[in-house]
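Text of input_28.txt (compact mmCIF, N, CA and C atoms) as supplied:
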```
# COMPACT_ATOMS: atom_id res chain seq x y z
N MET K 296 61.02 78.51 61.22
CA MET K 296 61.12 79.87 61.75
C MET K 296 62.17 80.62 60.94
N ASN K 297 61.80 81.80 60.42
CA ASN K 297 62.77 82.56 59.62
C ASN K 297 63.77 83.30 60.52
N GLU K 298 64.78 83.86 59.88
CA GLU K 298 65.87 84.52 60.63
C GLU K 298 65.35 85.66 61.51
N ARG K 299 64.46 86.49 60.97
CA ARG K 299 63.93 87.62 61.74
C ARG K 299 63.19 87.10 62.98
N SER K 300 62.41 86.06 62.84
CA SER K 300 61.69 85.47 63.97
C SER K 300 62.65 84.93 65.02
N LYS K 301 63.75 84.35 64.58
CA LYS K 301 64.75 83.83 65.51
C LYS K 301 65.40 84.97 66.28
N ILE K 302 65.70 86.07 65.59
CA ILE K 302 66.30 87.23 66.26
C ILE K 302 65.33 87.77 67.30
N ILE K 303 64.07 87.89 66.94
CA ILE K 303 63.06 88.40 67.87
C ILE K 303 62.96 87.50 69.10
N ALA K 304 63.00 86.19 68.89
CA ALA K 304 62.95 85.25 70.02
C ALA K 304 64.18 85.40 70.91
N GLU K 305 65.34 85.61 70.31
CA GLU K 305 66.56 85.76 71.11
C GLU K 305 66.55 87.07 71.90
N VAL K 306 66.06 88.14 71.29
CA VAL K 306 65.97 89.41 72.01
C VAL K 306 64.99 89.27 73.17
N ASP K 307 63.88 88.60 72.93
CA ASP K 307 62.91 88.37 74.00
C ASP K 307 63.57 87.62 75.17
N ALA K 308 64.39 86.64 74.86
CA ALA K 308 65.10 85.89 75.92
C ALA K 308 66.08 86.79 76.66
N ILE K 309 66.77 87.65 75.94
CA ILE K 309 67.70 88.59 76.59
C ILE K 309 66.92 89.54 77.50
N TYR K 310 65.79 90.03 77.03
CA TYR K 310 64.98 90.92 77.86
C TYR K 310 64.48 90.20 79.13
N ARG K 311 64.11 88.94 79.02
CA ARG K 311 63.70 88.20 80.22
C ARG K 311 64.87 88.08 81.19
N TRP K 312 66.08 87.84 80.65
CA TRP K 312 67.27 87.77 81.49
C TRP K 312 67.51 89.12 82.17
N VAL K 313 67.42 90.21 81.40
CA VAL K 313 67.62 91.55 81.97
C VAL K 313 66.60 91.79 83.08
N ASP K 314 65.35 91.47 82.82
CA ASP K 314 64.31 91.69 83.84
C ASP K 314 64.61 90.92 85.13
N GLN K 315 65.13 89.70 85.00
CA GLN K 315 65.50 88.92 86.19
C GLN K 315 66.64 89.58 86.94
N GLN K 316 67.64 90.08 86.21
CA GLN K 316 68.79 90.73 86.86
C GLN K 316 68.36 92.01 87.57
N VAL K 317 67.49 92.77 86.95
CA VAL K 317 67.02 94.02 87.54
C VAL K 317 66.18 93.73 88.78
N LYS K 318 65.39 92.69 88.73
CA LYS K 318 64.55 92.33 89.88
C LYS K 318 65.42 92.03 91.10
N ILE K 319 66.57 91.42 90.87
CA ILE K 319 67.51 91.13 91.97
C ILE K 319 67.99 92.42 92.62
N LEU K 320 68.16 93.48 91.80
CA LEU K 320 68.61 94.77 92.33
C LEU K 320 67.54 95.45 93.17
N ASP K 321 66.29 95.01 93.00
CA ASP K 321 65.16 95.61 93.71
C ASP K 321 65.11 97.12 93.48
N PRO K 322 64.92 97.52 92.21
CA PRO K 322 64.91 98.96 91.91
C PRO K 322 63.71 99.66 92.53
N SER K 323 63.87 100.91 92.76
CA SER K 323 62.79 101.68 93.37
C SER K 323 62.15 102.60 92.33
N CYS K 324 61.91 102.08 91.16
CA CYS K 324 61.31 102.87 90.09
C CYS K 324 59.88 103.24 90.46
N ARG K 325 59.57 104.51 90.29
CA ARG K 325 58.23 105.00 90.60
C ARG K 325 57.33 105.00 89.37
N ALA K 326 57.87 104.59 88.23
CA ALA K 326 57.13 104.61 86.96
C ALA K 326 56.55 105.99 86.69
N CYS K 327 57.36 107.01 86.96
CA CYS K 327 56.90 108.38 86.81
C CYS K 327 57.06 108.92 85.40
N GLY K 328 57.89 108.28 84.58
CA GLY K 328 58.09 108.71 83.21
C GLY K 328 59.09 109.85 83.04
N GLU K 329 59.68 110.32 84.12
CA GLU K 329 60.62 111.44 84.02
C GLU K 329 61.82 111.09 83.15
N CYS K 330 62.31 109.85 83.24
CA CYS K 330 63.50 109.48 82.49
C CYS K 330 63.21 109.37 80.99
N CYS K 331 61.94 109.34 80.61
CA CYS K 331 61.56 109.29 79.19
C CYS K 331 61.74 110.66 78.52
N ASP K 332 61.88 111.69 79.33
CA ASP K 332 62.19 113.04 78.82
C ASP K 332 63.70 113.17 78.88
N PHE K 333 64.36 112.63 77.85
CA PHE K 333 65.80 112.47 77.86
C PHE K 333 66.55 113.78 78.13
N GLU K 334 66.16 114.85 77.47
CA GLU K 334 66.89 116.11 77.61
C GLU K 334 66.77 116.70 79.00
N SER K 335 65.56 116.71 79.57
CA SER K 335 65.42 117.31 80.90
C SER K 335 66.01 116.41 81.98
N PHE K 336 66.03 115.10 81.72
CA PHE K 336 66.61 114.18 82.70
C PHE K 336 68.12 114.12 82.57
N GLY K 337 68.65 114.58 81.46
CA GLY K 337 70.10 114.65 81.28
C GLY K 337 70.75 113.34 80.90
N HIS K 338 70.07 112.53 80.09
CA HIS K 338 70.69 111.28 79.65
C HIS K 338 70.25 110.96 78.24
N ARG K 339 70.92 109.99 77.66
CA ARG K 339 70.59 109.52 76.32
C ARG K 339 70.38 108.02 76.38
N LEU K 340 69.39 107.56 75.68
CA LEU K 340 69.12 106.13 75.61
C LEU K 340 69.74 105.59 74.33
N TYR K 341 70.61 104.60 74.48
CA TYR K 341 71.24 103.94 73.34
C TYR K 341 70.64 102.56 73.19
N VAL K 342 70.51 102.14 71.93
CA VAL K 342 69.89 100.86 71.61
C VAL K 342 70.75 100.12 70.59
N THR K 343 70.52 98.81 70.49
CA THR K 343 71.27 97.98 69.56
C THR K 343 70.39 97.59 68.37
N THR K 344 71.05 97.13 67.33
CA THR K 344 70.33 96.70 66.14
C THR K 344 69.29 95.62 66.45
N PRO K 345 69.64 94.55 67.19
CA PRO K 345 68.61 93.54 67.47
C PRO K 345 67.40 94.11 68.22
N GLU K 346 67.65 95.07 69.10
CA GLU K 346 66.54 95.67 69.84
C GLU K 346 65.61 96.45 68.92
N LEU K 347 66.20 97.13 67.95
CA LEU K 347 65.38 97.89 67.00
C LEU K 347 64.56 96.95 66.12
N ILE K 348 65.12 95.82 65.73
CA ILE K 348 64.39 94.82 64.96
C ILE K 348 63.20 94.31 65.79
N TYR K 349 63.47 93.99 67.05
CA TYR K 349 62.43 93.50 67.96
C TYR K 349 61.33 94.56 68.15
N PHE K 350 61.77 95.79 68.38
CA PHE K 350 60.82 96.88 68.63
C PHE K 350 59.91 97.10 67.43
N GLN K 351 60.50 97.16 66.25
CA GLN K 351 59.70 97.39 65.05
C GLN K 351 58.73 96.23 64.82
N HIS K 352 59.16 95.03 65.10
CA HIS K 352 58.26 93.89 64.98
C HIS K 352 57.06 94.06 65.91
N ALA K 353 57.31 94.56 67.11
CA ALA K 353 56.26 94.69 68.12
C ALA K 353 55.30 95.84 67.82
N VAL K 354 55.82 96.98 67.38
CA VAL K 354 54.97 98.16 67.20
C VAL K 354 54.49 98.35 65.77
N GLY K 355 55.09 97.64 64.83
CA GLY K 355 54.70 97.78 63.43
C GLY K 355 55.68 98.64 62.66
N PRO K 356 55.45 98.74 61.36
CA PRO K 356 56.41 99.42 60.49
C PRO K 356 56.50 100.93 60.69
N GLU K 357 55.46 101.54 61.22
CA GLU K 357 55.44 102.99 61.39
C GLU K 357 56.01 103.40 62.75
N VAL K 358 57.32 103.48 62.84
CA VAL K 358 57.98 103.88 64.08
C VAL K 358 57.96 105.40 64.17
N LYS K 359 57.61 105.90 65.34
CA LYS K 359 57.56 107.35 65.56
C LYS K 359 58.96 107.93 65.65
N GLY K 360 59.09 109.19 65.34
CA GLY K 360 60.35 109.89 65.49
C GLY K 360 60.39 110.67 66.80
N ILE K 361 61.59 111.01 67.23
CA ILE K 361 61.78 111.83 68.44
C ILE K 361 62.07 113.24 67.99
N SER K 362 61.26 114.19 68.44
CA SER K 362 61.50 115.57 68.02
C SER K 362 61.90 116.47 69.18
N ALA K 363 61.30 116.30 70.32
CA ALA K 363 61.53 117.22 71.43
C ALA K 363 62.40 116.62 72.53
N GLY K 364 63.11 115.53 72.25
CA GLY K 364 63.95 114.92 73.27
C GLY K 364 63.18 114.04 74.23
N VAL K 365 61.90 113.82 73.96
CA VAL K 365 61.06 112.97 74.79
C VAL K 365 60.70 111.74 73.97
N CYS K 366 60.74 110.59 74.59
CA CYS K 366 60.35 109.38 73.87
C CYS K 366 58.91 109.55 73.39
N PRO K 367 58.67 109.34 72.10
CA PRO K 367 57.32 109.55 71.57
C PRO K 367 56.31 108.51 72.06
N TYR K 368 56.80 107.47 72.71
CA TYR K 368 55.91 106.43 73.23
C TYR K 368 55.56 106.66 74.70
N CYS K 369 56.02 107.76 75.25
CA CYS K 369 55.65 108.16 76.61
C CYS K 369 54.47 109.12 76.49
N ILE K 370 53.31 108.65 76.92
CA ILE K 370 52.09 109.45 76.84
C ILE K 370 51.57 109.67 78.25
N ASN K 371 51.42 110.95 78.62
CA ASN K 371 50.96 111.31 79.96
C ASN K 371 51.80 110.64 81.05
N GLY K 372 53.11 110.59 80.83
CA GLY K 372 54.03 110.04 81.83
C GLY K 372 54.08 108.53 81.90
N LYS K 373 53.41 107.85 80.96
CA LYS K 373 53.38 106.39 80.97
C LYS K 373 53.92 105.83 79.66
N CYS K 374 54.64 104.73 79.75
CA CYS K 374 55.20 104.06 78.58
C CYS K 374 54.11 103.25 77.90
N THR K 375 53.82 103.59 76.65
CA THR K 375 52.78 102.88 75.91
C THR K 375 53.31 101.64 75.20
N VAL K 376 54.62 101.41 75.29
CA VAL K 376 55.24 100.22 74.68
C VAL K 376 56.01 99.44 75.75
N TYR K 377 55.53 99.52 76.97
CA TYR K 377 56.24 98.95 78.11
C TYR K 377 56.70 97.50 77.91
N PRO K 378 55.88 96.60 77.39
CA PRO K 378 56.34 95.21 77.21
C PRO K 378 57.48 95.09 76.20
N TYR K 379 57.64 96.09 75.33
CA TYR K 379 58.63 96.03 74.25
C TYR K 379 59.77 97.03 74.45
N ARG K 380 59.84 97.63 75.63
CA ARG K 380 60.85 98.67 75.88
C ARG K 380 62.26 98.10 75.76
N PHE K 381 63.19 98.98 75.51
CA PHE K 381 64.59 98.61 75.28
C PHE K 381 65.29 98.22 76.58
N SER K 382 66.44 97.58 76.45
CA SER K 382 67.17 97.13 77.63
C SER K 382 67.53 98.30 78.55
N GLY K 383 67.91 99.43 77.97
CA GLY K 383 68.24 100.60 78.80
C GLY K 383 67.06 101.05 79.63
N CYS K 384 65.87 100.98 79.07
CA CYS K 384 64.65 101.34 79.80
C CYS K 384 64.38 100.34 80.91
N ARG K 385 64.72 99.08 80.66
CA ARG K 385 64.49 98.03 81.65
C ARG K 385 65.49 98.12 82.80
N ILE K 386 66.71 98.53 82.49
CA ILE K 386 67.79 98.51 83.47
C ILE K 386 67.84 99.78 84.31
N PHE K 387 67.71 100.92 83.67
CA PHE K 387 67.93 102.20 84.34
C PHE K 387 66.80 102.56 85.29
N SER K 388 67.17 103.03 86.46
CA SER K 388 66.22 103.56 87.43
C SER K 388 66.83 104.84 88.00
N CYS K 389 66.04 105.87 88.07
CA CYS K 389 66.57 107.16 88.52
C CYS K 389 67.08 107.08 89.97
N LYS K 390 66.68 106.06 90.70
CA LYS K 390 67.15 105.89 92.08
C LYS K 390 67.98 104.62 92.24
N GLY K 391 68.41 104.05 91.11
CA GLY K 391 69.13 102.79 91.14
C GLY K 391 70.62 102.93 91.41
N ASP K 392 71.27 101.81 91.59
CA ASP K 392 72.71 101.73 91.79
C ASP K 392 73.36 101.71 90.41
N SER K 393 73.92 102.83 89.99
CA SER K 393 74.42 102.95 88.62
C SER K 393 75.55 101.97 88.31
N GLU K 394 76.37 101.62 89.29
CA GLU K 394 77.44 100.65 89.04
C GLU K 394 76.87 99.28 88.69
N LYS K 395 75.89 98.85 89.45
CA LYS K 395 75.27 97.55 89.20
C LYS K 395 74.46 97.57 87.91
N GLU K 396 73.78 98.68 87.66
CA GLU K 396 73.03 98.82 86.41
C GLU K 396 73.97 98.78 85.21
N ASN K 397 75.10 99.45 85.30
CA ASN K 397 76.08 99.44 84.20
C ASN K 397 76.61 98.04 83.94
N ALA K 398 76.81 97.27 84.99
CA ALA K 398 77.30 95.89 84.82
C ALA K 398 76.27 95.04 84.06
N ILE K 399 75.00 95.19 84.40
CA ILE K 399 73.95 94.46 83.68
C ILE K 399 73.91 94.92 82.23
N CYS K 400 74.03 96.21 82.02
CA CYS K 400 74.01 96.77 80.67
C CYS K 400 75.14 96.19 79.83
N GLU K 401 76.34 96.14 80.37
CA GLU K 401 77.48 95.60 79.63
C GLU K 401 77.26 94.13 79.26
N GLN K 402 76.71 93.36 80.18
CA GLN K 402 76.43 91.96 79.89
C GLN K 402 75.36 91.83 78.80
N ALA K 403 74.34 92.67 78.88
CA ALA K 403 73.28 92.64 77.87
C ALA K 403 73.84 93.00 76.49
N MET K 404 74.70 94.01 76.43
CA MET K 404 75.29 94.40 75.15
C MET K 404 76.09 93.24 74.55
N GLY K 405 76.78 92.51 75.40
CA GLY K 405 77.52 91.34 74.93
C GLY K 405 76.58 90.31 74.33
N LYS K 406 75.42 90.11 74.95
CA LYS K 406 74.43 89.16 74.45
C LYS K 406 73.87 89.63 73.10
N PHE K 407 73.65 90.93 72.95
CA PHE K 407 73.15 91.45 71.67
C PHE K 407 74.21 91.30 70.57
N LYS K 408 75.48 91.46 70.93
CA LYS K 408 76.55 91.25 69.95
C LYS K 408 76.57 89.81 69.46
N VAL K 409 76.35 88.87 70.37
CA VAL K 409 76.30 87.46 69.99
C VAL K 409 75.18 87.22 68.97
N VAL K 410 74.03 87.83 69.19
CA VAL K 410 72.91 87.70 68.25
C VAL K 410 73.33 88.23 66.88
N CYS K 411 73.98 89.37 66.86
CA CYS K 411 74.41 89.96 65.58
C CYS K 411 75.40 89.05 64.86
N ASN K 412 76.31 88.48 65.59
CA ASN K 412 77.30 87.59 64.97
C ASN K 412 76.68 86.28 64.50
N LYS K 413 75.67 85.84 65.20
CA LYS K 413 75.05 84.55 64.89
C LYS K 413 74.26 84.59 63.59
N TYR K 414 73.64 85.72 63.24
CA TYR K 414 72.67 85.69 62.14
C TYR K 414 73.14 86.12 60.76
N PRO K 415 74.06 86.79 60.38
CA PRO K 415 74.68 87.98 60.98
C PRO K 415 73.93 89.26 60.57
N ILE K 416 73.89 90.15 61.51
CA ILE K 416 73.37 91.48 61.23
C ILE K 416 74.40 92.46 61.76
N SER K 417 74.38 93.63 61.23
CA SER K 417 75.34 94.66 61.64
C SER K 417 75.05 95.08 63.08
N TYR K 418 76.06 94.98 63.94
CA TYR K 418 75.89 95.45 65.32
C TYR K 418 76.07 96.96 65.34
N GLN K 419 75.04 97.65 65.79
CA GLN K 419 75.12 99.08 65.99
C GLN K 419 74.59 99.40 67.37
N TYR K 420 75.22 100.33 68.02
CA TYR K 420 74.80 100.81 69.34
C TYR K 420 74.62 102.30 69.16
N VAL K 421 73.36 102.73 68.98
CA VAL K 421 73.09 104.11 68.58
C VAL K 421 72.10 104.77 69.52
N TYR K 422 72.16 106.09 69.52
CA TYR K 422 71.20 106.90 70.25
C TYR K 422 69.80 106.58 69.72
N LEU K 423 68.83 106.45 70.58
CA LEU K 423 67.48 106.05 70.20
C LEU K 423 66.94 106.90 69.05
N LYS K 424 67.17 108.18 69.10
CA LYS K 424 66.67 109.06 68.04
C LYS K 424 67.22 108.62 66.69
N ALA K 425 68.51 108.32 66.63
CA ALA K 425 69.14 107.87 65.39
C ALA K 425 68.60 106.50 64.98
N GLY K 426 68.37 105.62 65.94
CA GLY K 426 67.83 104.30 65.64
C GLY K 426 66.44 104.39 65.05
N PHE K 427 65.60 105.24 65.63
CA PHE K 427 64.26 105.43 65.09
C PHE K 427 64.33 106.01 63.68
N GLU K 428 65.25 106.94 63.46
CA GLU K 428 65.39 107.53 62.13
C GLU K 428 65.86 106.48 61.12
N MET K 429 66.75 105.57 61.54
CA MET K 429 67.18 104.50 60.62
C MET K 429 65.99 103.64 60.23
N LEU K 430 65.13 103.31 61.19
CA LEU K 430 63.95 102.51 60.88
C LEU K 430 62.99 103.27 59.98
N ARG K 431 62.82 104.56 60.25
CA ARG K 431 61.89 105.37 59.46
C ARG K 431 62.40 105.55 58.04
N THR K 432 63.71 105.66 57.87
CA THR K 432 64.31 105.89 56.55
C THR K 432 64.45 104.60 55.76
N ASN K 433 64.92 103.55 56.41
CA ASN K 433 65.24 102.30 55.71
C ASN K 433 64.12 101.28 55.74
N GLY K 434 63.11 101.47 56.55
CA GLY K 434 62.02 100.51 56.64
C GLY K 434 62.30 99.41 57.64
N GLN K 435 63.42 98.74 57.50
CA GLN K 435 63.83 97.71 58.46
C GLN K 435 65.29 97.36 58.20
N PHE K 436 65.91 96.74 59.16
CA PHE K 436 67.31 96.35 59.03
C PHE K 436 67.42 95.10 58.18
N ALA K 437 68.41 95.08 57.35
CA ALA K 437 68.67 93.89 56.53
C ALA K 437 69.32 92.81 57.36
N ILE K 438 68.92 91.60 57.11
CA ILE K 438 69.55 90.44 57.74
C ILE K 438 70.29 89.73 56.63
N HIS K 439 71.61 89.66 56.78
CA HIS K 439 72.46 89.10 55.74
C HIS K 439 72.56 87.60 55.91
N ASN K 440 72.08 86.87 54.97
CA ASN K 440 72.22 85.41 55.01
C ASN K 440 73.60 85.03 54.55
N SER K 441 74.20 84.09 55.26
CA SER K 441 75.55 83.66 54.87
C SER K 441 75.50 82.55 53.86
```
Turn the structure described in the file into structure tokens.
Amino acid sequence: MNERSKIIAEVDAIYRWVDQQVKILDPSCRACGECCDFESFGHRLYVTTPELIYFQHAVGPEVKGISAGVCPYCINGKCTVYPYRFSGCRIFSCKGDSEKENAICEQAMGKFKVVCNKYPISYQYVYLKAGFEMLRTNGQFAIHNS
């Protein structure tokens, strides 16, 4: 298994952990897609380098850009990349307990940092729009072999 495949497997494991933690919170998400319209909902989605590597692996090399403040993968109010969505998308609920959600988020970020240190790849925590632009401009993130 190459380094990129190992990173993807580790991110998948982190996402399964996040999903288990969120399930315990019993979120009342209506799957309405409102939070995918970042500007009108009043929030920003931040992502990590390992998540972007995972996402690009899942959707392919042609990552869409964000132009109007709405996630380009939200079509007719539905997430078209739901199985591959980022940790912030998995954790956040417009009716959730923000304190508990933030605690899960902090733990997840720590897990992503461990992945970056292990392989090593540059740990970045960036606004989704910037992350998509990095993928569109650079093609993919470099994995530095030690």
- Task: Determine which residues of stretch 339-437 of chain K receive a DSSP assignment of strand (DSSP E), computed from the backbone, and state them as a ChimeraX atom specification.
- Result: /K:341-343,369-370,373-374,420-422
Would you mind exporting the chosen residues as a compact mmCIF listing (two decimals), in the coordinates of the input, restricted to N, CA and C atoms?
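Heads up, here's the output in result_33.txt:
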```txt
# COMPACT_ATOMS: atom_id res chain seq x y z
N TYR K 341 70.61 104.60 74.48
CA TYR K 341 71.24 103.94 73.34
C TYR K 341 70.64 102.56 73.19
N VAL K 342 70.51 102.14 71.93
CA VAL K 342 69.89 100.86 71.61
C VAL K 342 70.75 100.12 70.59
N THR K 343 70.52 98.81 70.49
CA THR K 343 71.27 97.98 69.56
C THR K 343 70.39 97.59 68.37
N CYS K 369 56.02 107.76 75.25
CA CYS K 369 55.65 108.16 76.61
C CYS K 369 54.47 109.12 76.49
N ILE K 370 53.31 108.65 76.92
CA ILE K 370 52.09 109.45 76.84
C ILE K 370 51.57 109.67 78.25
N LYS K 373 53.41 107.85 80.96
CA LYS K 373 53.38 106.39 80.97
C LYS K 373 53.92 105.83 79.66
N CYS K 374 54.64 104.73 79.75
CA CYS K 374 55.20 104.06 78.58
C CYS K 374 54.11 103.25 77.90
N TYR K 420 75.22 100.33 68.02
CA TYR K 420 74.80 100.81 69.34
C TYR K 420 74.62 102.30 69.16
N VAL K 421 73.36 102.73 68.98
CA VAL K 421 73.09 104.11 68.58
C VAL K 421 72.10 104.77 69.52
N TYR K 422 72.16 106.09 69.52
CA TYR K 422 71.20 106.90 70.25
C TYR K 422 69.80 106.58 69.72
```
- Which one of K:Ile319, K:Cys327, K:Ala304, K:Leu340 sits closest to K:Tyr420 if you count all atoms listed in the file? K:Leu340
- Item | Residues within 9 Å of (64.8, 107.9, 90.1), file coords, only C-alpha atoms, listed as an MDAnalysis selection string | chainID K and resid 323:327 329:330 387:391
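Closest approach to K:Ile386 among K:Val317, K:Val306, K:Ala398, K:Ile348 is made by K:Val317 (distances from only N, CA and C atoms).
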Can you list, as a compact mmCIF listing (two decimals) with N, CA and C atoms, in the frame of the given file, every protein, DNA or RNA residue that comes within 12 Å of stretch 380-383 of chain K when you count only C-alpha atoms, leaving out same-chain residues fewer than 3 positions away?
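Written out: around_11.txt:
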```txt
# COMPACT_ATOMS: atom_id res chain seq x y z
N VAL K 306 66.06 88.14 71.29
CA VAL K 306 65.97 89.41 72.01
C VAL K 306 64.99 89.27 73.17
N ASP K 307 63.88 88.60 72.93
CA ASP K 307 62.91 88.37 74.00
C ASP K 307 63.57 87.62 75.17
N ALA K 308 64.39 86.64 74.86
CA ALA K 308 65.10 85.89 75.92
C ALA K 308 66.08 86.79 76.66
N ILE K 309 66.77 87.65 75.94
CA ILE K 309 67.70 88.59 76.59
C ILE K 309 66.92 89.54 77.50
N TYR K 310 65.79 90.03 77.03
CA TYR K 310 64.98 90.92 77.86
C TYR K 310 64.48 90.20 79.13
N ARG K 311 64.11 88.94 79.02
CA ARG K 311 63.70 88.20 80.22
C ARG K 311 64.87 88.08 81.19
N TRP K 312 66.08 87.84 80.65
CA TRP K 312 67.27 87.77 81.49
C TRP K 312 67.51 89.12 82.17
N VAL K 313 67.42 90.21 81.40
CA VAL K 313 67.62 91.55 81.97
C VAL K 313 66.60 91.79 83.08
N ASP K 314 65.35 91.47 82.82
CA ASP K 314 64.31 91.69 83.84
C ASP K 314 64.61 90.92 85.13
N GLN K 315 65.13 89.70 85.00
CA GLN K 315 65.50 88.92 86.19
C GLN K 315 66.64 89.58 86.94
N GLN K 316 67.64 90.08 86.21
CA GLN K 316 68.79 90.73 86.86
C GLN K 316 68.36 92.01 87.57
N VAL K 317 67.49 92.77 86.95
CA VAL K 317 67.02 94.02 87.54
C VAL K 317 66.18 93.73 88.78
N CYS K 330 62.31 109.85 83.24
CA CYS K 330 63.50 109.48 82.49
C CYS K 330 63.21 109.37 80.99
N CYS K 331 61.94 109.34 80.61
CA CYS K 331 61.56 109.29 79.19
C CYS K 331 61.74 110.66 78.52
N HIS K 338 70.07 112.53 80.09
CA HIS K 338 70.69 111.28 79.65
C HIS K 338 70.25 110.96 78.24
N ARG K 339 70.92 109.99 77.66
CA ARG K 339 70.59 109.52 76.32
C ARG K 339 70.38 108.02 76.38
N LEU K 340 69.39 107.56 75.68
CA LEU K 340 69.12 106.13 75.61
C LEU K 340 69.74 105.59 74.33
N TYR K 341 70.61 104.60 74.48
CA TYR K 341 71.24 103.94 73.34
C TYR K 341 70.64 102.56 73.19
N VAL K 342 70.51 102.14 71.93
CA VAL K 342 69.89 100.86 71.61
C VAL K 342 70.75 100.12 70.59
N THR K 343 70.52 98.81 70.49
CA THR K 343 71.27 97.98 69.56
C THR K 343 70.39 97.59 68.37
N THR K 344 71.05 97.13 67.33
CA THR K 344 70.33 96.70 66.14
C THR K 344 69.29 95.62 66.45
N PRO K 345 69.64 94.55 67.19
CA PRO K 345 68.61 93.54 67.47
C PRO K 345 67.40 94.11 68.22
N GLU K 346 67.65 95.07 69.10
CA GLU K 346 66.54 95.67 69.84
C GLU K 346 65.61 96.45 68.92
N LEU K 347 66.20 97.13 67.95
CA LEU K 347 65.38 97.89 67.00
C LEU K 347 64.56 96.95 66.12
N ILE K 348 65.12 95.82 65.73
CA ILE K 348 64.39 94.82 64.96
C ILE K 348 63.20 94.31 65.79
N TYR K 349 63.47 93.99 67.05
CA TYR K 349 62.43 93.50 67.96
C TYR K 349 61.33 94.56 68.15
N PHE K 350 61.77 95.79 68.38
CA PHE K 350 60.82 96.88 68.63
C PHE K 350 59.91 97.10 67.43
N GLN K 351 60.50 97.16 66.25
CA GLN K 351 59.70 97.39 65.05
C GLN K 351 58.73 96.23 64.82
N ALA K 353 57.31 94.56 67.11
CA ALA K 353 56.26 94.69 68.12
C ALA K 353 55.30 95.84 67.82
N VAL K 354 55.82 96.98 67.38
CA VAL K 354 54.97 98.16 67.20
C VAL K 354 54.49 98.35 65.77
N CYS K 366 60.74 110.59 74.59
CA CYS K 366 60.35 109.38 73.87
C CYS K 366 58.91 109.55 73.39
N TYR K 368 56.80 107.47 72.71
CA TYR K 368 55.91 106.43 73.23
C TYR K 368 55.56 106.66 74.70
N CYS K 369 56.02 107.76 75.25
CA CYS K 369 55.65 108.16 76.61
C CYS K 369 54.47 109.12 76.49
N LYS K 373 53.41 107.85 80.96
CA LYS K 373 53.38 106.39 80.97
C LYS K 373 53.92 105.83 79.66
N CYS K 374 54.64 104.73 79.75
CA CYS K 374 55.20 104.06 78.58
C CYS K 374 54.11 103.25 77.90
N THR K 375 53.82 103.59 76.65
CA THR K 375 52.78 102.88 75.91
C THR K 375 53.31 101.64 75.20
N VAL K 376 54.62 101.41 75.29
CA VAL K 376 55.24 100.22 74.68
C VAL K 376 56.01 99.44 75.75
N TYR K 377 55.53 99.52 76.97
CA TYR K 377 56.24 98.95 78.11
C TYR K 377 56.70 97.50 77.91
N ILE K 386 66.71 98.53 82.49
CA ILE K 386 67.79 98.51 83.47
C ILE K 386 67.84 99.78 84.31
N PHE K 387 67.71 100.92 83.67
CA PHE K 387 67.93 102.20 84.34
C PHE K 387 66.80 102.56 85.29
N SER K 388 67.17 103.03 86.46
CA SER K 388 66.22 103.56 87.43
C SER K 388 66.83 104.84 88.00
N CYS K 389 66.04 105.87 88.07
CA CYS K 389 66.57 107.16 88.52
C CYS K 389 67.08 107.08 89.97
N SER K 393 73.92 102.83 89.99
CA SER K 393 74.42 102.95 88.62
C SER K 393 75.55 101.97 88.31
N GLU K 396 73.78 98.68 87.66
CA GLU K 396 73.03 98.82 86.41
C GLU K 396 73.97 98.78 85.21
N ASN K 397 75.10 99.45 85.30
CA ASN K 397 76.08 99.44 84.20
C ASN K 397 76.61 98.04 83.94
N ALA K 398 76.81 97.27 84.99
CA ALA K 398 77.30 95.89 84.82
C ALA K 398 76.27 95.04 84.06
N ILE K 399 75.00 95.19 84.40
CA ILE K 399 73.95 94.46 83.68
C ILE K 399 73.91 94.92 82.23
N CYS K 400 74.03 96.21 82.02
CA CYS K 400 74.01 96.77 80.67
C CYS K 400 75.14 96.19 79.83
N GLU K 401 76.34 96.14 80.37
CA GLU K 401 77.48 95.60 79.63
C GLU K 401 77.26 94.13 79.26
N GLN K 402 76.71 93.36 80.18
CA GLN K 402 76.43 91.96 79.89
C GLN K 402 75.36 91.83 78.80
N ALA K 403 74.34 92.67 78.88
CA ALA K 403 73.28 92.64 77.87
C ALA K 403 73.84 93.00 76.49
N MET K 404 74.70 94.01 76.43
CA MET K 404 75.29 94.40 75.15
C MET K 404 76.09 93.24 74.55
N LYS K 406 75.42 90.11 74.95
CA LYS K 406 74.43 89.16 74.45
C LYS K 406 73.87 89.63 73.10
N PHE K 407 73.65 90.93 72.95
CA PHE K 407 73.15 91.45 71.67
C PHE K 407 74.21 91.30 70.57
N TYR K 420 75.22 100.33 68.02
CA TYR K 420 74.80 100.81 69.34
C TYR K 420 74.62 102.30 69.16
N VAL K 421 73.36 102.73 68.98
CA VAL K 421 73.09 104.11 68.58
C VAL K 421 72.10 104.77 69.52
N TYR K 422 72.16 106.09 69.52
CA TYR K 422 71.20 106.90 70.25
C TYR K 422 69.80 106.58 69.72
N LEU K 423 68.83 106.45 70.58
CA LEU K 423 67.48 106.05 70.20
C LEU K 423 66.94 106.90 69.05
N GLY K 426 68.37 105.62 65.94
CA GLY K 426 67.83 104.30 65.64
C GLY K 426 66.44 104.39 65.05
```
- Message: Could you go through chain K and tell me which residues DSSP, when run on the backbone, assigns to helix (DSSP H, G or I), listing them as a PyMOL selection string?
- Response: chain K and resi 298-320+329-331+333-336+344-354+377-379+382-386+393-413+423-433
- Message: Rounded to one decimal, what separation in Å do you get between atom N of K:Val409 and atom C of K:Ile302?
- Response: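 Taking atom N of K:Val409 as the start and atom C of K:Ile302 as the end point, the length is 11.5 Å.
Here atom C of K:Asn412 and atom C of K:Lys395 stand 26.1 Å from one another.
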